[in-house]
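Peer 1: One structure, as structure tokens, below. Some questions next.
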Amino acid sequence: MSKIHVTATVNGDSVEFLADPRETLLDALRDHLGLIGSKEGCGTGDCGACSVLLDGRLVSACLVLGVEAEGHEIETIEGMAGPDGTLHPLQRKFIEHAALQCGFCTPGFLVASKALLAKTPDPTEEEVRYWLAGNLCRCTGYDKIIRAVMDAAAEMRGAA
Amino acid sequence: MVEVHLWSGLKRLTDGEITVAVEAATVGEMLDALTRAHPGLAPVIEVGVSAAIDGEIVNGRHVAIPPGAEVFLLQRLKGG
Amino acid sequence: MAKDEMNPAFKLIGTRVLRPDGLDKVTGRARYGADFAAPGMLFGAAVRSPHAHARIKRIDATRALALDGVKAVVTRADFPTGLTGEDWNLQENCMAGDVALYDGHAVAAVAATSALLAQDAAKLIEVEYEPLPHVTDVDDAIKPDAPAIRPGAADHSVPDGMPPNVVRYFEFGHGDLDAGFAEADIVRAQTYRTEATHQGYIEPQACVGQLGADGKGEMWVTTQGQWYVRWMCAAVLGLETAQLRVTPSEIGGGFGGKTTVFIEPLSLALSRKAGGKPVKLVMSRSDVLRATGPTASASMDVKIGMKADGTMTAGRAEFRMQGGAFPGSPLNEALECAFAAYKLPAVEHIGHEVLANRPKAAAYRAPGAPMAAFAVESLVDEIARELGLDPIAVRLKNAVREGDRSSYGPRYKSIGLVETLEAAKAHANYAAPLGPNQGRGVATGYWFNHNGDTSVSMAIAEDGTAQVSVGTPDIGGSRASLGLMVAETLGIPYEHVRVNVVETGALGINEPSHGSRATFASGKAAVIATEQAIAEMCRRAAAEWGIEPEAVDWVEGAAQPAGPNAGKFPPMKIAEIAGQMSSTGGPIAGHYEGLPEGVGASFGTHVVDVEVDPETGRTTILRYLVVQDAGRAIHPAYVEGQFQGGAAQGIGWALNEAYIYGEDGRLQNAGFLDYRIPVACDLPMIDTVIVEVPNPGHPYGVRGVGETGITPPLPAVANAIAAATGARLRRLPMNPPAVLAAIKAVRGG
């Protein structure tokens, strides 16, 4: 099958790649653009490890075709820290709260949490738990993840 | 002499004995002596066993067995 | 070192330092199994049996090989013959021989220039099957007329006359059982069943393998044990073990499921057949669920005798377990853990291991112990309730202490069961008021912990910083814990130590990160290696000062004269000694190879409050408390993380997770949508209490904490549901339909 030329913006940079029409956005990010931070845990949209922002909206990259990225803006875990490497408060709080063990689900949790805080800067614990219900973690029991997100939200509101 | 406590399922292989006394100063000597005394135990020991010496589970053949120690034979444990 | 000699005034041990792998993991830079690429790499895909049990009559790869870009196809014919024992089991499980033994069993594999092409080619490989009768349920598989899955697979332990699928038989115990039951005021017997569950690591198995015609190979792989991957691949493929070099990636969860091989030998076989090009294989989630992991399913009869005051007089457990179409279920571990918390004058254990048409069980966190706890801790609770006794009081009355004989034979060394029970009793959660339809459950759990083959090396760098090379992949923060122990021992800042998980070429053999052993065994080994380096640094200082090495002490990161008689010299700091090492005798390093003795077992007690919706049968976890003996918490946050993660997995096993097989013997829920692990909104915060009864067998008192935590949740949740509803569930999972049916049965409706 012939490949299709795709132009998109990823983490603020203009990118081009050739996609097989059957490839997902996750395949494109990982295999064509070298952005391996988004993970494939299921390939069916159940685990959230491939969470990215598509024009600011939270999506599972495994459920979007690579060719659908044409003309759109995508933000991945690799674009979360500042250009000089300064960590986003969520990234810092995940480390400080020991909110990760194996770390495989962490990029997805961080991207999803950022999307939550953009919409809801002062979430309740219940709101955080329901928003993140699409992201699976098998190591932590979620306790420290929830605490890290709440703490990062407080800091970002200037309430910490 | 070391008194080795076997698990009761091994009775079939030891003419009904559940405790076997053998001359041994190390775990390896104990296992070899058990096999000599009861050849039926050979496949069990080959598959892998652990010994508990005074409550400590050990796997090395050269671990010394102190005089008067309480020794149990256990199936080798796995972990996740 | 005896308990009272241990110095509690640590500078670093017990602090919550930042993990060294944190930055890479929050920025997406950390590289896991599927993140490796090699130049000229091909991509593989496996063909898997759609049948639970079928003779493979013909495999034809002609059409697949005709596709442009398809480079190699392998079947069992490409593997050596004549293997025996566990080597044969591994080979047979990685690639079926004459018969496919379960839904998902690999029968062929293909390598091509892209992943999509490999998947297309796999669909073109024609396999002709002759379906055979199958059995997937443990109680069906043990029937005398069940389809015989592998005649002749029974080992020496099975007495004559057992049903055809019984492959291992086990009995042990002590004391006069009849007298014990006769002494009891109440004797109760029940049967409990648990379904198979999967480890559920979020990262699927993935590897890149390369094998040349010269028999030299390389592998990059996500694994709990790179040396296990090495020997297993070598055994399955008939290679010389040391010619294979295995490099572990970051690991996206394992929980026991990554202590063995599935696709790894296939990638090497494909590589060899494709002229030595590297081949990448990544499993899909559905392949992971169908063909890797899971744990055993169990059917368990338990009988307990108790006096009216709560004293237990006798216990009996007869378990049947299936671990798939191969021997290797955690039967003896289950039985040995069953009554481990109780001081019993008479106890008997009987176990039957049964084959069924399911994937080969792999280790899963405290293998066997959660099922055993579900049966025994449920029945203890049932009897305590009948006698009107407090569940913690009953457990305290019968709790084993140091020096007591264990239910499985040996006497306990230092243990902390009583301390965990007392801490649970004193916790606010145990007194929290309960509303309607709410109930509280208590259960204890046990895991032995394990030492295992361990090799560690450490070395001092030119500026006085330190590197540590370990063979146990970091699955729960062990690099941070090991760094803390080495820094504490050296007397230097934690940030000056780098801990690396290294490839197989760098050290002697290591067992995987399993058996809760990484922080215990690699930690003890790292401390011993560090002490060697310290002794060498003391010798260098002594030579410089012209005094005896024995007259030099190591204090706070520096060599100093041991006393006034040794001479008057200012302390010589590690950076100074290190900076001069090339002119004072060369490299300074230490190493350890051995089986670190002194393993300390870990007991835990959990308390859970639930609310059950009487209309739907849905159970909500309101509060959850984990109390466990850590020996000493090197990094408390990671100890809490193990407690909380274990509890969450146990809650999933209790309430929802299960392998569901259809009449056709196929797995019905091979995806995360239908095999539903707990999500964030299913759980509350998980409270933890770290009990510290130091293990005298470890320089810093470590016991190992990874596994015990998954054990108590199964019965604790069942006990809480019984308290909330009056309905006792003796089969897992306790999902809403099961709970609702149990409630209706109690109410007579």
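Ordered as shown in the structure tokens, chains take letters A, B, and onward, while each chain numbers its residues from 1 and ligands are numbered from 1 in the order shown.
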Restrict the distance test to only C-alpha atoms, flag each residue of chain C within 6 Å of chain A, and return the flagged residues as a list of chain:residue names.
Peer 2: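 So the residues of chain C near chain A are C:Gly22, C:Lys25, C:Val26, C:Thr27, C:Gly28, C:Ile202, C:Glu203, C:Gly252, C:Gly253, C:Arg285, C:Ile475, C:Gly476, C:Gly641, C:Gln644, C:Gly645, C:Ala648, C:Phe672, C:Leu673, C:Val679, C:Ala680, C:Cys681, C:Met685.
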Peer 1: So that I have them on file, write out the residues from the current selection with C-alpha atoms, as a short mmCIF file (atom, residue, chain, number, x, y, z; two decimals), in the first residue's frame.
Peer 2:
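Saved file again_12.cif follows:
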data_model
loop_
_atom_site.label_atom_id
_atom_site.label_comp_id
_atom_site.auth_asym_id
_atom_site.auth_seq_id
_atom_site.Cartn_x
_atom_site.Cartn_y
_atom_site.Cartn_z
CA GLY C 22 12.54 9.82 37.92
CA LYS C 25 10.45 8.59 33.39
CA VAL C 26 8.52 11.88 33.64
CA THR C 27 10.00 13.25 30.40
CA GLY C 28 9.39 10.17 28.24
CA ILE C 202 0.97 -2.27 31.43
CA GLU C 203 4.03 -2.87 29.25
CA GLY C 252 7.11 -1.52 32.60
CA GLY C 253 5.93 -3.80 35.39
CA ARG C 285 -2.38 -6.93 24.81
CA ILE C 475 10.78 -2.64 39.31
CA GLY C 476 9.87 -0.74 42.45
CA GLY C 641 4.25 2.02 47.10
CA GLN C 644 -0.45 0.11 48.04
CA GLY C 645 0.26 -1.57 44.71
CA ALA C 648 -4.75 -2.71 44.61
CA PHE C 672 -8.24 -4.42 29.24
CA LEU C 673 -11.86 -3.49 28.55
CA VAL C 679 -8.86 2.15 37.89
CA ALA C 680 -8.37 5.32 39.91
CA CYS C 681 -12.06 5.82 40.69
CA MET C 685 -6.48 6.38 49.31
#
Peer 1: List as an MDAnalysis selection string the protein and nucleic acid residues near region 62-71 of chain B, meaning an atom at most 6 Å away when only C-alpha atoms are counted, but skip any in the same chain fewer than 2 places from it.
Peer 2: chainID B and resid 4 25:28 52:54 60
Peer 1: With only C-alpha atoms considered, list every residue of chain B at most 10 Å from chain C, as an NGL selection string.
Peer 2: :B and (5-13 or 18 or 40-44 or 47 or 51-60 or 63 or 70-80)
Peer 1: Any idea what's packed within 12 Å of Leu29 (chain A), counting only C-alpha atoms, ignoring anything in its chain fewer than 2 positions away? Could you give it as a PyMOL selection string?
Peer 2: (chain A and resi 6+8-11+15-19+23-27+31-40+50-52+61-62+64-67+69+74-78) or (chain C and resi 35)
Peer 1: Out of chain A, which residues get alpha helix (DSSP H) from DSSP, as a PyMOL selection string?
Peer 2: chain A and resi 25-27+89-96+106-119+125-131+143-157
Peer 1: For Gly439 (chain C), list every protein, DNA or RNA residue within 7 Å, evaluated using only C-alpha atoms, and leave out those in the same chain fewer than 4 positions away; present the list as an MDAnalysis selection string.
Peer 2: chainID C and resid 434 609:611 720:721 723:724
Peer 1: Include C-alpha atoms and write out the residues we just selected as a PDB file, in the first residue's frame.
Peer 2:
ATOM      1  CA  LEU C 434     -19.802   2.078  59.920  1.00  0.00           C
ATOM      2  CA  ASP C 609     -14.230  -1.221  55.011  1.00  0.00           C
ATOM      3  CA  VAL C 610     -16.696  -1.744  52.186  1.00  0.00           C
ATOM      4  CA  GLU C 611     -20.183  -0.622  51.288  1.00  0.00           C
ATOM      5  CA  ALA C 720     -15.947  -7.202  54.787  1.00  0.00           C
ATOM      6  CA  ILE C 721     -18.686  -8.129  52.298  1.00  0.00           C
ATOM      7  CA  ALA C 723     -19.961  -8.274  57.510  1.00  0.00           C
ATOM      8  CA  ALA C 724     -21.869  -5.779  55.367  1.00  0.00           C
TER       9      ALA C 724
END
Peer 1: Could you pull out all residues of chain B with a DSSP call of strand (DSSP E) and give them as a list in words?
Peer 2: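 Everything in chain B that counts as strand (DSSP E) is Val2, Glu3, Val4, His5, Thr19, Val20, Ala21, Val22, Val49, Ser50, Ala51, Ala52, Ile53, Glu56, Ile57, Val58, Val71, Phe72, Leu73, Leu74 and Gln75 of chain B.
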Peer 1: Could those selected residues go to a file with N, CA and C atoms, as an mmCIF file, in the first residue's frame?
Peer 2:
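Here's the written file result37.cif:
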data_model
loop_
_atom_site.group_PDB
_atom_site.id
_atom_site.type_symbol
_atom_site.label_atom_id
_atom_site.label_comp_id
_atom_site.auth_asym_id
_atom_site.auth_seq_id
_atom_site.Cartn_x
_atom_site.Cartn_y
_atom_site.Cartn_z
ATOM 1 N N VAL B 2 22.596 -36.050 61.870
ATOM 2 C CA VAL B 2 21.611 -34.990 61.673
ATOM 3 C C VAL B 2 20.247 -35.642 61.456
ATOM 4 N N GLU B 3 19.267 -35.171 62.191
ATOM 5 C CA GLU B 3 17.899 -35.654 61.974
ATOM 6 C C GLU B 3 17.242 -34.739 60.954
ATOM 7 N N VAL B 4 16.878 -35.295 59.817
ATOM 8 C CA VAL B 4 16.253 -34.490 58.767
ATOM 9 C C VAL B 4 14.757 -34.772 58.754
ATOM 10 N N HIS B 5 13.977 -33.709 58.917
ATOM 11 C CA HIS B 5 12.516 -33.842 58.863
ATOM 12 C C HIS B 5 12.073 -33.706 57.415
ATOM 13 N N THR B 19 11.223 -38.922 59.547
ATOM 14 C CA THR B 19 12.473 -38.313 60.010
ATOM 15 C C THR B 19 13.591 -39.296 59.703
ATOM 16 N N VAL B 20 14.608 -38.819 59.016
ATOM 17 C CA VAL B 20 15.710 -39.696 58.629
ATOM 18 C C VAL B 20 16.992 -39.153 59.249
ATOM 19 N N ALA B 21 17.717 -40.031 59.947
ATOM 20 C CA ALA B 21 18.976 -39.605 60.564
ATOM 21 C C ALA B 21 20.128 -39.957 59.623
ATOM 22 N N VAL B 22 20.946 -38.965 59.311
ATOM 23 C CA VAL B 22 22.083 -39.204 58.419
ATOM 24 C C VAL B 22 23.336 -38.555 59.012
ATOM 25 N N VAL B 49 15.481 -28.940 45.987
ATOM 26 C CA VAL B 49 14.857 -28.791 47.300
ATOM 27 C C VAL B 49 15.609 -27.686 48.037
ATOM 28 N N SER B 50 14.964 -27.180 49.056
ATOM 29 C CA SER B 50 15.628 -26.257 49.960
ATOM 30 C C SER B 50 15.709 -26.944 51.308
ATOM 31 N N ALA B 51 16.679 -26.533 52.107
ATOM 32 C CA ALA B 51 16.755 -27.038 53.471
ATOM 33 C C ALA B 51 16.570 -25.864 54.410
ATOM 34 N N ALA B 52 15.842 -26.104 55.490
ATOM 35 C CA ALA B 52 15.740 -25.085 56.536
ATOM 36 C C ALA B 52 16.577 -25.570 57.709
ATOM 37 N N ILE B 53 17.597 -24.804 58.050
ATOM 38 C CA ILE B 53 18.465 -25.160 59.174
ATOM 39 C C ILE B 53 18.175 -24.175 60.296
ATOM 40 N N GLU B 56 16.286 -21.190 59.100
ATOM 41 C CA GLU B 56 16.765 -20.395 57.971
ATOM 42 C C GLU B 56 16.758 -21.249 56.703
ATOM 43 N N ILE B 57 16.066 -20.785 55.665
ATOM 44 C CA ILE B 57 15.999 -21.538 54.415
ATOM 45 C C ILE B 57 17.274 -21.267 53.619
ATOM 46 N N VAL B 58 18.003 -22.340 53.284
ATOM 47 C CA VAL B 58 19.275 -22.196 52.567
ATOM 48 C C VAL B 58 19.218 -23.025 51.291
ATOM 49 N N VAL B 71 16.705 -29.615 61.169
ATOM 50 C CA VAL B 71 16.771 -29.523 59.710
ATOM 51 C C VAL B 71 15.466 -30.018 59.084
ATOM 52 N N PHE B 72 14.903 -29.192 58.220
ATOM 53 C CA PHE B 72 13.703 -29.578 57.465
ATOM 54 C C PHE B 72 14.016 -29.536 55.981
ATOM 55 N N LEU B 73 13.513 -30.513 55.266
ATOM 56 C CA LEU B 73 13.598 -30.494 53.808
ATOM 57 C C LEU B 73 12.321 -29.846 53.278
ATOM 58 N N LEU B 74 12.461 -28.897 52.352
ATOM 59 C CA LEU B 74 11.303 -28.205 51.784
ATOM 60 C C LEU B 74 11.402 -28.235 50.266
ATOM 61 N N GLN B 75 10.251 -28.170 49.610
ATOM 62 C CA GLN B 75 10.291 -27.996 48.156
ATOM 63 C C GLN B 75 10.879 -26.622 47.870
#
